[in-house]
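**Q** Once you've had a glance at the structure underneath, I'll fire off some questions.
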Amino acid sequence: TFDQLVGGNIQYGEEKSIIRTISDQSQSSSALCSNHVMRSGKHFTVFTGHGSVGVIRPVQIKTSDFGEGELNVFCPSMNKFWDYLIGQRTARWTDSNVHCCFSLRSVGLSFWYDWANDHPLMSINGYQSNTPTGLLLDLEDGTLSIYQNGQRLAT
């Protein structure tokens, strides 16, 4: 379940494992699953709808650390939040530099961030914007793969 919603256009659905955006708003928001830290194995989930989906290191956003309205638009890809996010680094992160990666579902682009520099985006060949998107996080291999229609499109 998602224990923390950050941003102005996001709300819980029927239960905390379902997240919905508010349809008349187009702000960036994030649903964080901070209390469930994955350390090994393979984890797969399917996303429907619009927006971007991805994986971020375990972080806890403290609203008291921000001014009035600063978190109304939040996405870990926005460089104005990078110093805050990298400040949550723990020894478990070791020397890894990939802290967040996601896919922009409307156009089939993939991004990754080290919260220090911008990096080139990757176009996903064969991506279909109105098709459910699966993400497979493989912590043994250290990969994140994108699936549609049972086919791996990118790793």
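Convention: chains lettered A, B, ... in structure tokens order; per-chain residue numbering from 1; ligands numbered from 1 as shown.
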Mind checking which residues fall within 10 Å of range 86-89 of chain A, counting only C-alpha atoms, ignoring those fewer than 5 positions away in the same chain, and posting them as a list in words?
**A**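 The residues satisfying every condition are Arg57, Pro58, Val59, Gln60, Ile61, Phe81, Thr94, His99, Asp114, Trp115 and Ala116 of chain A.
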**Q** Can you list every residue of range 63-113 of chain A that has an atom at most 10 Å from range 132-137 of chain A, with its nearest atom pair and the distance in Å to one decimal, using only C-alpha atoms, ordered by chain then number, as a tab-separated table?
**A**
```
residue	atom	partner	partner_atom	distance
A:Phe102	CA	A:Leu135	CA	9.4
A:Ser103	CA	A:Thr133	CA	9.3
A:Arg105	CA	A:Thr133	CA	8.0
```
**Q** Keeping N, CA and C atoms, export the residues of the selection given above as a PDB file, in the first residue's frame.
**A**
```pdb
ATOM      1  N   PHE A 102      11.730   6.240 -14.192  1.00  0.00           N
ATOM      2  CA  PHE A 102      10.316   6.159 -14.496  1.00  0.00           C
ATOM      3  C   PHE A 102      10.073   6.274 -15.987  1.00  0.00           C
ATOM      4  N   SER A 103       8.852   5.958 -16.360  1.00  0.00           N
ATOM      5  CA  SER A 103       8.413   6.028 -17.742  1.00  0.00           C
ATOM      6  C   SER A 103       7.276   7.038 -17.840  1.00  0.00           C
ATOM      7  N   ARG A 105       4.201   7.704 -19.516  1.00  0.00           N
ATOM      8  CA  ARG A 105       3.295   6.807 -20.241  1.00  0.00           C
ATOM      9  C   ARG A 105       2.701   7.423 -21.492  1.00  0.00           C
TER      10      ARG A 105
END
```
**Q** Could you jot down the CA of Asn125 in chain A to CA of Cys75 in chain A separation for me, Å, one decimal place?
**A**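 According to the coordinates, CA of Asn125 in chain A and CA of Cys75 in chain A are separated by 24.6 Å.
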**Q** Go through range 9-118 of chain A and collect every residue that DSSP, computed from the backbone, puts in strand (DSSP E or B); the answer should be as a count of residues only.
**A** 30
**Q** When DSSP works through the backbone of this structure, what residues of chain A end up as helix (DSSP H, G or I), shown as a ChimeraX atom specification?
**A** /A:63-65,79-86,91-93
**Q** Name the closest residue to Leu153 in chain A among the candidates A:Glu140, A:Glu70, A:Ser123, A:Asn130; distances are taken between atoms, counting only C-alpha atoms.
**A**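 Using only C-alpha atoms, Leu153 in chain A sits closest to A:Ser123.
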**Q** Just want the 8 Å neighbourhood of Lys16 in chain A, counted on only C-alpha atoms, with same-chain residues fewer than 2 positions away dropped. Output as a list in words.
**A**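 Near neighbours after the sequence-gap exclusion: Thr1, Phe2, Asp3, Tyr12, Gly13, Glu14, Ile18 and Ile19 of chain A.
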**Q** Of the candidates A:Asn79, A:Ser96, A:Ser30, A:Thr90, which one gets nearest to Gln4 in chain A if we count only C-alpha atoms?
**A**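 Checking each candidate against Gln4 in chain A, we get A:Ser30 as the closest.
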**Q** Please provide as a list in words all residues within 10 Å of Gly126 in chain A, with the sequence filter that same-chain residues fewer than 6 positions apart are discarded (counting only C-alpha atoms).
**A** Gly108, Gln148, Gln151, Arg152, Leu153 and Ala154 of chain A
**Q** Please determine, counting only C-alpha atoms, which residue among A:Val98, A:Ala31, A:Met122, A:Val73 has the shortest atom-to-atom distance to Val53 in chain A.
**A**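 That would be A:Ala31, the residue with the smallest distance to Val53 in chain A.
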**Q** In terms of the shortest atom-to-atom distance over only C-alpha atoms, which of A:Thr131, A:Ser28, A:Phe66, A:Asn72 is closest to Gly150 in chain A?
**A**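 Under the stated criterion, the closest residue is A:Thr131.
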